[in-house]
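Structure file structure.cif (mmCIF, C-alpha atoms and all ligand atoms) is printed below.
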```
data_my_file
#
loop_
_atom_site.label_atom_id
_atom_site.label_comp_id
_atom_site.auth_asym_id
_atom_site.auth_seq_id
_atom_site.Cartn_x
_atom_site.Cartn_y
_atom_site.Cartn_z
CA MET H 1 -6.94 90.05 81.19
CA PRO H 2 -9.37 87.28 82.10
CA LEU H 3 -8.05 84.44 84.20
CA PHE H 4 -9.98 81.49 85.52
CA ILE H 5 -8.56 79.89 88.67
CA THR H 6 -10.16 76.93 90.41
CA PHE H 7 -9.50 75.30 93.78
CA GLU H 8 -9.84 71.54 94.13
CA GLY H 9 -9.17 69.01 96.85
CA GLY H 10 -10.76 66.88 99.50
CA GLU H 11 -12.84 67.88 102.50
CA GLY H 12 -11.09 70.23 104.92
CA SER H 13 -8.06 70.70 102.68
CA GLY H 14 -8.36 74.51 102.96
CA LYS H 15 -9.89 75.36 99.57
CA SER H 16 -12.41 77.89 100.86
CA PHE H 17 -9.86 79.51 103.16
CA GLN H 18 -7.20 79.89 100.45
CA ALA H 19 -9.71 80.98 97.80
CA SER H 20 -10.78 83.78 100.12
CA VAL H 21 -7.16 84.82 100.84
CA LEU H 22 -6.37 84.85 97.11
CA HIS H 23 -9.42 86.99 96.38
CA LYS H 24 -8.35 89.46 99.07
CA LEU H 25 -4.83 89.69 97.65
CA LEU H 26 -6.17 90.35 94.15
CA THR H 27 -8.52 93.02 95.48
CA ARG H 28 -5.70 94.62 97.46
CA ASP H 29 -3.65 94.85 94.27
CA ASN H 30 -6.58 96.40 92.37
CA ILE H 31 -6.85 93.41 90.10
CA PRO H 32 -10.55 93.07 89.23
CA SER H 33 -11.68 89.69 90.47
CA ILE H 34 -14.62 87.73 91.81
CA LEU H 35 -14.84 84.83 94.24
CA THR H 36 -17.46 82.18 93.66
CA ARG H 37 -18.03 78.55 94.45
CA GLU H 38 -19.48 75.28 93.33
CA PRO H 39 -22.01 73.96 93.83
CA GLY H 40 -23.79 77.20 94.52
CA GLY H 41 -22.59 80.70 93.72
CA THR H 42 -26.08 81.76 92.57
CA PRO H 43 -29.45 81.73 94.37
CA VAL H 44 -30.65 78.71 92.40
CA GLY H 45 -27.26 77.04 92.77
CA GLU H 46 -27.41 77.43 96.56
CA GLU H 47 -30.80 75.68 96.56
CA ILE H 48 -29.32 72.82 94.52
CA THR H 49 -26.38 72.69 96.98
CA LYS H 50 -28.73 72.29 99.92
CA CYS H 51 -30.28 69.31 98.21
CA LEU H 52 -26.93 67.78 97.20
CA LYS H 53 -25.28 68.20 100.59
CA TRP H 54 -28.05 67.96 103.13
CA ASN H 55 -30.85 65.82 101.66
CA ASN H 56 -31.14 62.73 103.83
CA SER H 57 -32.60 60.46 101.19
CA SER H 58 -30.33 58.86 98.64
CA ILE H 59 -29.63 60.46 95.25
CA SER H 60 -28.59 58.25 92.33
CA PRO H 61 -25.02 58.97 91.14
CA LEU H 62 -26.30 60.04 87.71
CA ALA H 63 -28.89 62.42 89.21
CA GLU H 64 -26.22 63.76 91.56
CA MET H 65 -23.87 64.45 88.66
CA LEU H 66 -26.66 66.15 86.67
CA LEU H 67 -27.55 68.37 89.63
CA PHE H 68 -23.94 69.49 90.01
CA ASN H 69 -23.88 70.31 86.34
CA ALA H 70 -27.22 72.14 86.48
CA SER H 71 -25.78 74.38 89.20
CA ARG H 72 -22.56 74.74 87.17
CA SER H 73 -24.30 75.65 83.93
CA HIS H 74 -26.28 78.42 85.62
CA LEU H 75 -23.20 79.72 87.46
CA ILE H 76 -21.16 79.90 84.27
CA GLU H 77 -23.89 81.61 82.30
CA THR H 78 -24.81 84.18 84.93
CA VAL H 79 -21.58 84.75 86.89
CA ILE H 80 -18.36 83.24 85.50
CA SER H 81 -18.66 84.02 81.78
CA PRO H 82 -19.78 87.65 82.29
CA ALA H 83 -16.87 88.24 84.70
CA LEU H 84 -14.34 86.70 82.30
CA ALA H 85 -15.82 88.79 79.46
CA GLU H 86 -15.12 91.88 81.58
CA GLY H 87 -11.49 90.76 81.91
CA LYS H 88 -11.73 89.79 85.57
CA VAL H 89 -9.90 87.08 87.46
CA VAL H 90 -12.45 84.48 88.51
CA VAL H 91 -11.59 82.43 91.59
CA CYS H 92 -13.87 79.42 91.92
CA ASP H 93 -14.00 77.07 94.92
CA ARG H 94 -14.43 73.68 93.12
CA PHE H 95 -15.31 73.15 89.44
CA THR H 96 -15.56 70.31 86.88
CA ASP H 97 -12.65 68.32 88.31
CA SER H 98 -14.69 67.82 91.48
CA THR H 99 -17.34 66.06 89.42
CA ILE H 100 -14.82 63.83 87.67
CA VAL H 101 -13.26 62.89 90.97
CA TYR H 102 -16.28 62.64 93.31
CA GLN H 103 -18.80 61.13 90.92
CA GLY H 104 -16.27 59.30 88.72
CA TYR H 105 -13.57 57.99 91.08
CA GLY H 106 -15.74 58.24 94.19
CA ARG H 107 -19.17 57.03 93.03
CA LYS H 108 -17.74 55.06 90.07
CA LEU H 109 -20.09 56.66 87.57
CA ASP H 110 -19.07 56.19 83.94
CA MET H 111 -16.28 58.70 83.12
CA LYS H 112 -17.37 59.23 79.51
CA THR H 113 -20.87 60.23 80.66
CA ILE H 114 -19.41 62.67 83.18
CA GLU H 115 -17.05 64.21 80.64
CA LYS H 116 -19.91 64.59 78.13
CA VAL H 117 -22.23 66.31 80.59
CA ASN H 118 -19.42 68.46 82.06
CA LYS H 119 -18.69 69.66 78.54
CA ILE H 120 -22.33 70.52 77.87
CA ALA H 121 -22.53 72.46 81.13
CA THR H 122 -19.27 74.37 80.62
CA GLY H 123 -19.46 74.88 76.87
CA GLY H 124 -15.80 73.80 76.89
CA LEU H 125 -14.63 76.34 79.50
CA ILE H 126 -11.42 75.05 81.12
CA PRO H 127 -9.60 76.74 84.04
CA ASP H 128 -6.27 78.46 83.32
CA LEU H 129 -4.98 77.26 86.68
CA THR H 130 -6.29 74.60 89.03
CA ILE H 131 -4.88 74.50 92.54
CA LEU H 132 -4.99 71.06 94.10
CA MET H 133 -5.04 71.17 97.89
CA ASP H 134 -3.70 67.68 98.52
CA ILE H 135 -4.21 66.22 101.96
CA ILE H 136 -4.50 62.85 103.68
CA PRO H 137 -8.31 62.44 103.95
CA GLY H 138 -8.27 61.68 107.68
CA ILE H 139 -6.48 64.96 108.42
CA GLY H 140 -8.83 67.06 106.27
CA LEU H 141 -11.93 65.46 107.78
CA ALA H 142 -10.57 65.95 111.30
CA ARG H 143 -10.11 69.67 110.59
CA LYS H 144 -13.80 69.91 109.78
CA GLY H 145 -14.83 68.09 112.94
CA ILE H 146 -17.49 65.45 113.29
CA GLN H 147 -20.42 67.76 113.81
CA LYS H 148 -22.75 68.55 110.92
CA ARG H 149 -21.08 66.44 108.24
CA ASP H 150 -22.70 66.73 104.81
CA ARG H 151 -23.50 63.80 102.47
CA PHE H 152 -19.97 63.76 101.07
CA GLU H 153 -18.10 64.32 104.33
CA LYS H 154 -20.05 61.37 105.77
CA GLU H 155 -18.64 58.96 103.15
CA GLY H 156 -16.08 56.40 104.34
CA LEU H 157 -12.33 56.75 104.10
CA SER H 158 -12.12 54.48 101.03
CA PHE H 159 -14.35 56.95 99.13
CA HIS H 160 -12.14 59.87 100.22
CA ASN H 161 -8.99 57.96 99.29
CA ARG H 162 -10.39 57.34 95.80
CA VAL H 163 -11.13 61.06 95.56
CA ARG H 164 -7.59 61.96 96.60
CA ASN H 165 -6.01 59.50 94.17
CA GLY H 166 -8.33 60.69 91.42
CA TYR H 167 -7.18 64.27 91.89
CA LEU H 168 -3.52 63.24 91.83
CA GLU H 169 -4.11 61.27 88.65
CA LEU H 170 -5.79 64.23 86.93
CA ALA H 171 -3.02 66.59 88.03
CA THR H 172 -0.34 64.21 86.75
CA LYS H 173 -2.08 63.89 83.38
CA GLU H 174 -2.27 67.66 82.87
CA PRO H 175 0.67 69.20 84.74
CA GLY H 176 0.48 72.52 82.89
CA ARG H 177 -2.90 73.37 84.38
CA TRP H 178 -2.44 72.10 87.93
CA LEU H 179 -0.49 73.37 90.91
CA ILE H 180 -0.24 70.69 93.57
CA ILE H 181 -0.06 72.07 97.10
CA ASP H 182 0.86 70.06 100.16
CA ALA H 183 -2.21 71.15 102.13
CA GLY H 184 -0.72 69.81 105.35
CA LYS H 185 1.55 72.88 105.51
CA SER H 186 0.67 76.05 107.41
CA LYS H 187 -1.98 78.42 106.06
CA GLU H 188 0.63 81.18 105.62
CA GLU H 189 3.06 78.99 103.72
CA ILE H 190 0.31 77.81 101.38
CA ALA H 191 -1.03 81.33 100.82
CA ARG H 192 2.44 82.47 99.78
CA GLU H 193 2.95 79.54 97.42
CA ILE H 194 -0.38 80.18 95.71
CA TRP H 195 0.15 83.93 95.53
CA LEU H 196 3.58 83.47 93.91
CA LYS H 197 2.08 81.22 91.23
CA VAL H 198 -0.88 83.51 90.54
CA LYS H 199 1.34 86.58 90.33
CA GLU H 200 3.60 84.77 87.90
CA LEU H 201 0.59 83.86 85.76
CA ILE H 202 -0.80 87.39 85.82
CA GLN H 203 2.56 88.86 84.86
CA GLU H 204 2.98 86.27 82.13
CA ARG H 205 -0.47 86.84 80.66
CA GLY H 206 -0.87 90.56 81.01
CA ASN H 207 0.95 93.69 81.82
CA GLN H 208 -0.56 94.24 85.26
CA LYS H 209 1.89 95.76 87.69
CA GLY H 210 2.59 93.42 90.56
CA GLU H 211 3.79 93.95 94.09
CA GLU H 212 7.54 93.59 94.31
CA ASN H 213 7.59 91.86 97.64
CA VAL H 214 5.06 89.12 97.19
CA ASP H 215 5.85 87.31 100.42
CA ASP H 216 5.33 90.30 102.71
CA ALA H 217 2.17 91.30 100.87
CA ALA H 218 0.67 87.86 101.26
CA GLY H 219 1.56 87.82 104.95
CA GLU H 220 -0.12 91.15 105.56
CA ILE H 221 -3.40 90.07 103.96
CA PHE H 222 -3.18 86.73 105.65
CA GLU H 223 -3.18 88.43 109.05
CA GLU H 224 -6.41 90.23 108.15
CA SER H 225 -8.15 87.30 106.59
CA THR H 226 -10.91 85.52 108.37
CA ASP H 227 -12.39 82.09 108.25
CA GLU H 228 -15.64 83.50 106.93
CA ARG H 229 -15.91 80.99 104.12
CA ALA H 230 -14.24 78.14 105.95
CA GLY H 231 -16.52 75.29 106.72
CA GLN H 232 -18.33 75.55 103.42
N1 LIG H 301 -3.21 74.76 106.29
C1 LIG H 301 -4.09 74.59 107.28
N2 LIG H 301 -3.71 74.07 108.45
C2 LIG H 301 -4.59 73.86 109.46
N3 LIG H 301 -5.91 74.13 109.36
C3 LIG H 301 -6.36 74.63 108.21
C4 LIG H 301 -5.50 74.89 107.10
N4 LIG H 301 -6.23 75.40 106.09
C5 LIG H 301 -7.49 75.46 106.54
N5 LIG H 301 -7.59 75.02 107.82
C6 LIG H 301 -8.79 74.92 108.65
O1 LIG H 301 -9.43 73.73 108.31
C7 LIG H 301 -10.84 73.91 108.26
C8 LIG H 301 -11.34 73.56 106.87
O2 LIG H 301 -10.88 74.55 105.95
P1 LIG H 301 -11.73 74.92 104.65
O3 LIG H 301 -11.07 76.08 104.00
O4 LIG H 301 -13.18 75.05 105.01
O5 LIG H 301 -11.54 73.59 103.79
P2 LIG H 301 -12.32 73.11 102.48
O6 LIG H 301 -13.02 74.30 101.91
O7 LIG H 301 -11.27 72.55 101.59
O8 LIG H 301 -13.27 72.04 102.93
C9 LIG H 301 -11.09 75.36 108.68
O9 LIG H 301 -11.38 75.41 110.04
C10 LIG H 301 -9.78 76.05 108.37
O10 LIG H 301 -9.55 77.16 109.16
MG MG H 302 -14.99 74.64 101.42
#
```
Just give me the structure as structure tokens.
Ligand SMILES: Nc1ncnc2c1ncn2[C@@H]1O[C@H](COP(=O)(O)OP(=O)(O)O)[C@@H](O)[C@H]1O
Ligand SMILES: [Mg+2]
Amino acid sequence: MPLFITFEGGEGSGKSFQASVLHKLLTRDNIPSILTREPGGTPVGEEITKCLKWNNSSISPLAEMLLFNASRSHLIETVISPALAEGKVVVCDRFTDSTIVYQGYGRKLDMKTIEKVNKIATGGLIPDLTILMDIIPGIGLARKGIQKRDRFEKEGLSFHNRVRNGYLELATKEPGRWLIIDAGKSKEEIAREIWLKVKELIQERGNQKGEENVDDAAGEIFEESTDERAGQ
């Protein structure tokens, strides 16, 4: 039973950490799944990411949006679509909503243009569940520290506030797809909340057998999980 789950939210909100925990829980339960991320997730995508995050010269908002979608298109064609076709659960750290929010609300690029290009890149693929890690921008940025900030992390607070409000607006418009998480809570609490929702979705969609005691199971994996993807 294919399922496409995306993580969204501002810098340092815990997306990469929770995506990794979720992937571990799925693996532990023998639910075929993959963990990937945007931008990146493929060799060519990682090259595009380097340019988008670490290039010191300016990039026009339109070029930036096209680069994100170039990476996205390649990721979908070579990683996401094949995994979904095999019936896997795909967990993706950021997806199209990031582009709407960062380039649309953040950079103020025309929304219609973004939506058009997003649609070309995705071929209309929409996540089944999008988890919004909502956090006050100052708190998220502080978690990441001030060292080695990328092009987006270096933006001012007004940019990050527009991003946060953009996400909340998208989630409010489409409540069926989004799960809003208070990302200021503890890692354990958040992992449990997400796991409960994903289990519910899996049980609703398919006939996969689930763990009875979801809370304990999540706690156990949480203990083992590492920050290996944190900071990305
Ligand atoms: N709920 C949380 N409370 C406190 N710190 C957290 C929480 N979730 C993640 N962190 C820490 O914050 C930092 C950023 O997390 P990360 O998962 O990289 O965020 P993102 O991918 O959203 O930028 C990491 O050091 C991570 O361990
Ligand atoms: Mg990350």
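You will find atom CA of H:Ile180 at 6.1 Å from atom CA of H:Ile131.
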Within 10 Å of ligand LIG 301 (chain H) (only C-alpha atoms and all ligand atoms), residues as a PyMOL selection string: chain H and resi 7-20+37+93-94+132-135+139-145+153+182-191+226-232
What is the distance between atom MG of ligand MG 302 (chain H) and atom CA of H:Ile146, in Å to one decimal? 15.2 Å
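Take the candidates H:Arg164, H:Arg149, H:Lys119, H:Arg192 and check each one against H:Asn69 using all atoms listed in the file; the shortest distance goes to H:Lys119.
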Rank nothing, just name the residue among H:Leu196, H:Cys92, H:Leu3, H:Ala85 nearest to ligand MG 302 (chain H), using all atoms listed in the file. H:Cys92
Find the residues near H:Thr42: any atom within 8 Å, counting all atoms listed in the file, skip ones fewer than 2 places away on the same chain, and give them as a list in words. Gly40, Val44, Gly45, Glu46, His74, Leu75 and Val79 of chain H
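Restricting the calculation to all atoms listed in the file, the smallest distance between ligand MG 302 (chain H) and any of H:Leu67, H:Glu38, H:Glu115, H:Trp54 is found for H:Glu38.
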Atom CA of H:Leu84 to atom CA of H:Arg72, distance in Å rounded to a single decimal: 15.3 Å
So that I can see what lies close to H:Thr99, please list as a PyMOL selection string the residues with an atom at most 12 Å from it, counting only C-alpha atoms and leaving out residues fewer than 5 positions away in the same chain. chain H and resi 8-9+38-39+61-62+64-72+94+104-111+113-119+121+163+166-167+170
Fill-in result for stretch 88-110 of chain H, N, CA, C and O atoms as a tab-separated table (two decimals), in the frame of the given file:
```tsv
chain	number	residue	atom	x	y	z
H	88	LYS	N	-12.03	90.01	84.15
H	88	LYS	CA	-11.73	89.79	85.57
H	88	LYS	C	-11.04	88.46	85.82
H	88	LYS	O	-11.10	87.54	84.99
H	89	VAL	N	-10.42	88.36	86.99
H	89	VAL	CA	-9.90	87.08	87.46
H	89	VAL	C	-11.03	86.42	88.23
H	89	VAL	O	-11.60	87.01	89.15
H	90	VAL	N	-11.39	85.21	87.82
H	90	VAL	CA	-12.45	84.48	88.51
H	90	VAL	C	-11.82	83.39	89.36
H	90	VAL	O	-11.08	82.54	88.86
H	91	VAL	N	-12.08	83.46	90.66
H	91	VAL	CA	-11.59	82.43	91.59
H	91	VAL	C	-12.79	81.57	91.97
H	91	VAL	O	-13.77	82.09	92.51
H	92	CYS	N	-12.73	80.30	91.67
H	92	CYS	CA	-13.87	79.42	91.92
H	92	CYS	C	-13.47	78.25	92.82
H	92	CYS	O	-12.52	77.52	92.54
H	93	ASP	N	-14.22	78.12	93.91
H	93	ASP	CA	-14.00	77.07	94.92
H	93	ASP	C	-14.73	75.81	94.41
H	93	ASP	O	-15.94	75.74	94.52
H	94	ARG	N	-13.99	74.91	93.81
H	94	ARG	CA	-14.43	73.68	93.12
H	94	ARG	C	-14.97	74.00	91.72
H	94	ARG	O	-15.54	75.05	91.48
H	95	PHE	N	-14.77	73.04	90.81
H	95	PHE	CA	-15.31	73.15	89.44
H	95	PHE	C	-15.41	71.74	88.86
H	95	PHE	O	-15.57	70.77	89.62
H	96	THR	N	-15.30	71.60	87.55
H	96	THR	CA	-15.56	70.31	86.88
H	96	THR	C	-14.73	69.14	87.40
H	96	THR	O	-15.20	68.01	87.40
H	97	ASP	N	-13.49	69.43	87.83
H	97	ASP	CA	-12.65	68.32	88.31
H	97	ASP	C	-13.26	67.64	89.53
H	97	ASP	O	-13.08	66.44	89.72
H	98	SER	N	-14.00	68.43	90.33
H	98	SER	CA	-14.69	67.82	91.48
H	98	SER	C	-15.66	66.75	91.01
H	98	SER	O	-15.79	65.70	91.64
H	99	THR	N	-16.36	67.03	89.92
H	99	THR	CA	-17.34	66.06	89.42
H	99	THR	C	-16.65	64.80	88.91
H	99	THR	O	-17.11	63.68	89.16
H	100	ILE	N	-15.56	64.99	88.19
H	100	ILE	CA	-14.82	63.83	87.67
H	100	ILE	C	-14.35	62.96	88.84
H	100	ILE	O	-14.48	61.73	88.83
H	101	VAL	N	-13.86	63.62	89.86
H	101	VAL	CA	-13.26	62.89	90.97
H	101	VAL	C	-14.31	62.31	91.94
H	101	VAL	O	-14.25	61.14	92.29
H	102	TYR	N	-15.28	63.11	92.33
H	102	TYR	CA	-16.28	62.64	93.31
H	102	TYR	C	-17.28	61.66	92.68
H	102	TYR	O	-17.57	60.61	93.26
H	103	GLN	N	-17.80	62.02	91.52
H	103	GLN	CA	-18.80	61.13	90.92
H	103	GLN	C	-18.14	60.02	90.10
H	103	GLN	O	-18.69	58.94	89.98
H	104	GLY	N	-16.97	60.31	89.52
H	104	GLY	CA	-16.27	59.30	88.72
H	104	GLY	C	-15.47	58.34	89.60
H	104	GLY	O	-15.81	57.17	89.73
H	105	TYR	N	-14.41	58.84	90.23
H	105	TYR	CA	-13.57	57.99	91.08
H	105	TYR	C	-14.31	57.57	92.35
H	105	TYR	O	-14.21	56.44	92.79
H	106	GLY	N	-15.06	58.51	92.93
H	106	GLY	CA	-15.74	58.24	94.19
H	106	GLY	C	-16.95	57.33	94.02
H	106	GLY	O	-17.00	56.24	94.57
H	107	ARG	N	-17.93	57.79	93.20
H	107	ARG	CA	-19.17	57.03	93.03
H	107	ARG	C	-19.08	55.97	91.92
H	107	ARG	O	-20.02	55.22	91.71
H	108	LYS	N	-18.00	56.02	91.17
H	108	LYS	CA	-17.74	55.06	90.07
H	108	LYS	C	-18.74	55.18	88.93
H	108	LYS	O	-19.08	54.20	88.26
H	109	LEU	N	-19.22	56.38	88.71
H	109	LEU	CA	-20.09	56.66	87.57
H	109	LEU	C	-19.22	56.68	86.31
H	109	LEU	O	-18.06	57.08	86.37
H	110	ASP	N	-19.81	56.27	85.19
H	110	ASP	CA	-19.07	56.19	83.94
H	110	ASP	C	-18.39	57.53	83.58
H	110	ASP	O	-19.05	58.56	83.48
```
